[in-house]
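K.L.:
Following this line is structure.cif, made up of mmCIF, C-alpha atoms:
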```
data_work
#
loop_
_atom_site.group_PDB
_atom_site.id
_atom_site.type_symbol
_atom_site.label_atom_id
_atom_site.label_comp_id
_atom_site.auth_asym_id
_atom_site.auth_seq_id
_atom_site.Cartn_x
_atom_site.Cartn_y
_atom_site.Cartn_z
ATOM 1 C CA MET O 21 180.583 144.308 152.380
ATOM 2 C CA THR O 22 177.567 142.048 151.901
ATOM 3 C CA LEU O 23 178.396 141.676 148.216
ATOM 4 C CA TYR O 24 181.969 140.613 149.015
ATOM 5 C CA LEU O 25 180.834 138.032 151.547
ATOM 6 C CA ARG O 26 178.612 136.418 148.923
ATOM 7 C CA HIS O 27 181.782 135.337 147.084
ATOM 8 C CA PRO O 28 183.961 133.492 149.626
ATOM 9 C CA HIS O 29 186.049 131.879 146.874
ATOM 10 C CA VAL O 30 187.433 135.253 145.750
ATOM 11 C CA GLN O 31 190.858 136.355 146.975
ATOM 12 C CA TYR O 32 190.748 140.114 147.522
ATOM 13 C CA VAL O 33 193.626 142.575 147.448
ATOM 14 C CA ALA O 34 194.149 145.531 149.774
ATOM 15 C CA ILE O 35 196.624 148.364 149.298
ATOM 16 C CA SER O 36 197.652 148.435 152.968
ATOM 17 C CA ARG O 37 197.607 146.254 156.079
ATOM 18 C CA ARG O 38 195.188 148.709 157.656
ATOM 19 C CA GLN O 39 192.731 148.288 154.797
ATOM 20 C CA ALA O 40 192.989 144.493 155.008
ATOM 21 C CA GLN O 41 192.518 144.536 158.788
ATOM 22 C CA SER O 42 189.381 146.648 158.424
ATOM 23 C CA MET O 43 187.632 143.657 156.805
ATOM 24 C CA PRO O 44 188.908 140.541 158.615
ATOM 25 C CA GLU O 45 185.998 138.489 157.235
ATOM 26 C CA LEU O 46 187.540 138.538 153.763
ATOM 27 C CA ARG O 47 190.454 136.555 152.413
ATOM 28 C CA CYS O 48 192.645 139.472 151.609
ATOM 29 C CA ASP O 49 196.297 139.842 150.598
ATOM 30 C CA VAL O 50 198.184 143.131 150.726
ATOM 31 C CA VAL O 51 199.899 144.490 147.620
ATOM 32 C CA HIS O 52 201.715 147.734 148.310
ATOM 33 C CA HIS O 53 202.187 150.376 145.636
ATOM 34 C CA GLY O 54 205.658 149.075 144.882
ATOM 35 C CA LEU O 55 207.595 152.315 145.232
ATOM 36 C CA ASP O 56 210.884 152.206 147.076
ATOM 37 C CA PRO O 57 210.790 155.206 149.467
ATOM 38 C CA ARG O 58 214.604 155.354 149.483
ATOM 39 C CA ARG O 59 214.427 156.539 145.864
ATOM 40 C CA TYR O 60 212.257 159.509 146.851
ATOM 41 C CA PRO O 61 213.837 161.268 149.843
ATOM 42 C CA PHE O 62 212.221 164.243 151.532
ATOM 43 C CA GLY O 63 213.318 167.628 150.260
ATOM 44 C CA ARG O 64 215.407 170.089 152.247
ATOM 45 C CA GLY O 65 212.384 172.259 152.957
ATOM 46 C CA ASP O 66 213.778 175.312 151.203
ATOM 47 C CA ARG O 67 210.812 175.679 148.798
ATOM 48 C CA ASP O 68 207.311 176.856 149.609
ATOM 49 C CA ASP O 69 205.355 174.388 147.522
ATOM 50 C CA ALA O 70 203.932 170.961 148.224
ATOM 51 C CA VAL O 71 202.690 167.993 146.245
ATOM 52 C CA PHE O 72 199.666 165.883 147.083
ATOM 53 C CA LEU O 73 199.239 162.597 145.279
ATOM 54 C CA GLY O 74 195.947 160.955 146.051
ATOM 55 C CA ARG O 75 192.216 161.095 145.626
ATOM 56 C CA LEU O 76 190.905 164.575 146.405
ATOM 57 C CA ALA O 77 188.424 163.528 149.061
ATOM 58 C CA PRO O 78 187.864 164.889 152.572
ATOM 59 C CA CYS O 79 188.889 161.543 154.121
ATOM 60 C CA LYS O 80 192.354 161.881 152.539
ATOM 61 C CA GLY O 81 192.990 165.246 154.221
ATOM 62 C CA PRO O 82 194.402 167.219 151.262
ATOM 63 C CA ASP O 83 193.636 170.436 153.128
ATOM 64 C CA LEU O 84 195.965 169.417 155.949
#
```
Show how you would write the structure in this file as structure tokens.

P.N.:
Amino acid sequence: MTLYLRHPHVQYVAISRRQAQSMPELRCDVVHHGLDPRRYPFGRGDRDDAVFLGRLAPCKGPDL
């Protein structure tokens, strides 16, 4: 955070409102991933597999 605050002229980008709100000291705009969720509806639930798209890190909860 200290490094970011040294550059107040920089406009930062967050991938969610939550991420932007976590650092209110920064000038930060939100740019979402750009996918339209209506194009990717949930399945019927008749299969026993799952897909996880994200960084495999404990904070992302891939085990859940």

K.L.:
Check what the PyMOL selection byres ((chain O and resi 40-49) around 12) selects in the file above and give those residues as an NGL selection string.

P.N.:
:O and (21-39 or 50-52)

K.L.:
For CA of Leu84 in chain O and CA of Asp69 in chain O, quote the distance in Å rounded to one decimal.

P.N.:
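About the pair CA of Leu84 in chain O and CA of Asp69 in chain O: they are 13.6 Å apart.
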
K.L.:
Please measure the separation of CA of Phe72 in chain O and CA of Tyr60 in chain O, giving the value in Å to one decimal.

P.N.:
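Interatomic distance here is 14.1 Å.
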
K.L.:
Do you have the CA of Pro82 in chain O-CA of Ala70 in chain O distance handy?

P.N.:
10.7 Å

K.L.:
Padding 6 Å on each side, edges along x, y and z: where is the centre of the box around the listed atoms of range 23-30 of chain O, and how long are its edges in Å to one decimal? Output it as AutoDock Vina command-line options.

P.N.:
```
--center_x 182.9 --center_y 136.8 --center_z 148.6 --size_x 21.0 --size_y 21.8 --size_z 17.8
```

K.L.:
Mind completing range 41-52 of chain O with all heavy atoms? Output as a CSV table (one decimal), keeping the file's coordinate frame, please?

P.N.:
```
chain,number,residue,atom,x,y,z
O,41,GLN,N,193.0,144.8,157.4
O,41,GLN,CA,192.5,144.5,158.8
O,41,GLN,C,191.1,145.1,159.0
O,41,GLN,O,190.4,144.6,159.9
O,41,GLN,CB,193.5,145.1,159.8
O,41,GLN,CG,194.8,144.4,159.8
O,41,GLN,CD,195.9,145.1,160.6
O,41,GLN,OE1,195.7,146.3,161.0
O,41,GLN,NE2,197.0,144.5,160.8
O,42,SER,N,190.7,146.1,158.2
O,42,SER,CA,189.4,146.6,158.4
O,42,SER,C,188.3,145.7,158.0
O,42,SER,O,187.1,145.9,158.3
O,42,SER,CB,189.3,148.0,157.7
O,42,SER,OG,189.2,147.8,156.3
O,43,MET,N,188.6,144.6,157.3
O,43,MET,CA,187.6,143.7,156.8
O,43,MET,C,188.2,142.3,157.0
O,43,MET,O,188.5,141.5,156.1
O,43,MET,CB,187.3,143.9,155.3
O,43,MET,CG,186.7,145.2,155.0
O,43,MET,SD,186.3,145.5,153.3
O,43,MET,CE,187.9,146.0,152.7
O,44,PRO,N,188.3,141.8,158.3
O,44,PRO,CA,188.9,140.5,158.6
O,44,PRO,C,188.1,139.4,158.1
O,44,PRO,O,188.6,138.2,158.0
O,44,PRO,CB,189.0,140.5,160.1
O,44,PRO,CG,188.0,141.5,160.6
O,44,PRO,CD,187.9,142.5,159.5
O,45,GLU,N,186.8,139.6,157.7
O,45,GLU,CA,186.0,138.5,157.2
O,45,GLU,C,186.4,138.0,155.9
O,45,GLU,O,186.1,136.9,155.4
O,45,GLU,CB,184.5,138.9,157.2
O,45,GLU,CG,184.0,139.5,158.4
O,45,GLU,CD,184.2,141.1,158.5
O,45,GLU,OE1,185.1,141.6,157.8
O,45,GLU,OE2,183.4,141.7,159.2
O,46,LEU,N,187.2,138.9,155.1
O,46,LEU,CA,187.5,138.5,153.8
O,46,LEU,C,188.9,137.9,153.7
O,46,LEU,O,189.8,138.3,154.5
O,46,LEU,CB,187.5,139.8,152.9
O,46,LEU,CG,186.2,140.6,152.8
O,46,LEU,CD1,186.4,141.8,152.0
O,46,LEU,CD2,185.1,139.7,152.3
O,47,ARG,N,189.1,137.0,152.7
O,47,ARG,CA,190.5,136.6,152.4
O,47,ARG,C,191.1,137.7,151.6
O,47,ARG,O,190.8,137.9,150.5
O,47,ARG,CB,190.4,135.3,151.6
O,47,ARG,CG,189.8,134.1,152.3
O,47,ARG,CD,189.8,132.8,151.5
O,47,ARG,NE,189.7,133.0,150.1
O,47,ARG,CZ,190.5,132.4,149.2
O,47,ARG,NH1,191.4,131.5,149.5
O,47,ARG,NH2,190.3,132.6,147.9
O,48,CYS,N,192.1,138.3,152.2
O,48,CYS,CA,192.6,139.5,151.6
O,48,CYS,C,194.2,139.5,151.7
O,48,CYS,O,194.7,139.4,152.8
O,48,CYS,CB,192.0,140.7,152.3
O,48,CYS,SG,192.3,142.2,151.4
O,49,ASP,N,194.9,139.6,150.6
O,49,ASP,CA,196.3,139.8,150.6
O,49,ASP,C,196.6,141.3,150.4
O,49,ASP,O,195.8,142.1,150.0
O,49,ASP,CB,196.9,139.1,149.4
O,49,ASP,CG,197.0,137.6,149.6
O,49,ASP,OD1,197.1,137.2,150.8
O,49,ASP,OD2,196.9,136.9,148.7
O,50,VAL,N,197.8,141.7,150.8
O,50,VAL,CA,198.2,143.1,150.7
O,50,VAL,C,199.2,143.3,149.6
O,50,VAL,O,200.2,142.5,149.6
O,50,VAL,CB,198.8,143.7,152.1
O,50,VAL,CG1,199.3,145.1,151.9
O,50,VAL,CG2,197.8,143.6,153.2
O,51,VAL,N,199.0,144.2,148.7
O,51,VAL,CA,199.9,144.5,147.6
O,51,VAL,C,200.2,146.0,147.7
O,51,VAL,O,199.3,146.8,147.5
O,51,VAL,CB,199.3,144.1,146.2
O,51,VAL,CG1,200.3,144.6,145.1
O,51,VAL,CG2,199.1,142.7,146.1
O,52,HIS,N,201.4,146.3,148.2
O,52,HIS,CA,201.7,147.7,148.3
O,52,HIS,C,202.0,148.4,146.9
O,52,HIS,O,202.1,147.7,145.9
O,52,HIS,CB,202.9,147.9,149.2
O,52,HIS,CG,202.7,147.4,150.6
O,52,HIS,ND1,202.0,148.2,151.5
O,52,HIS,CD2,203.0,146.3,151.2
O,52,HIS,CE1,201.9,147.5,152.6
O,52,HIS,NE2,202.5,146.4,152.5
```
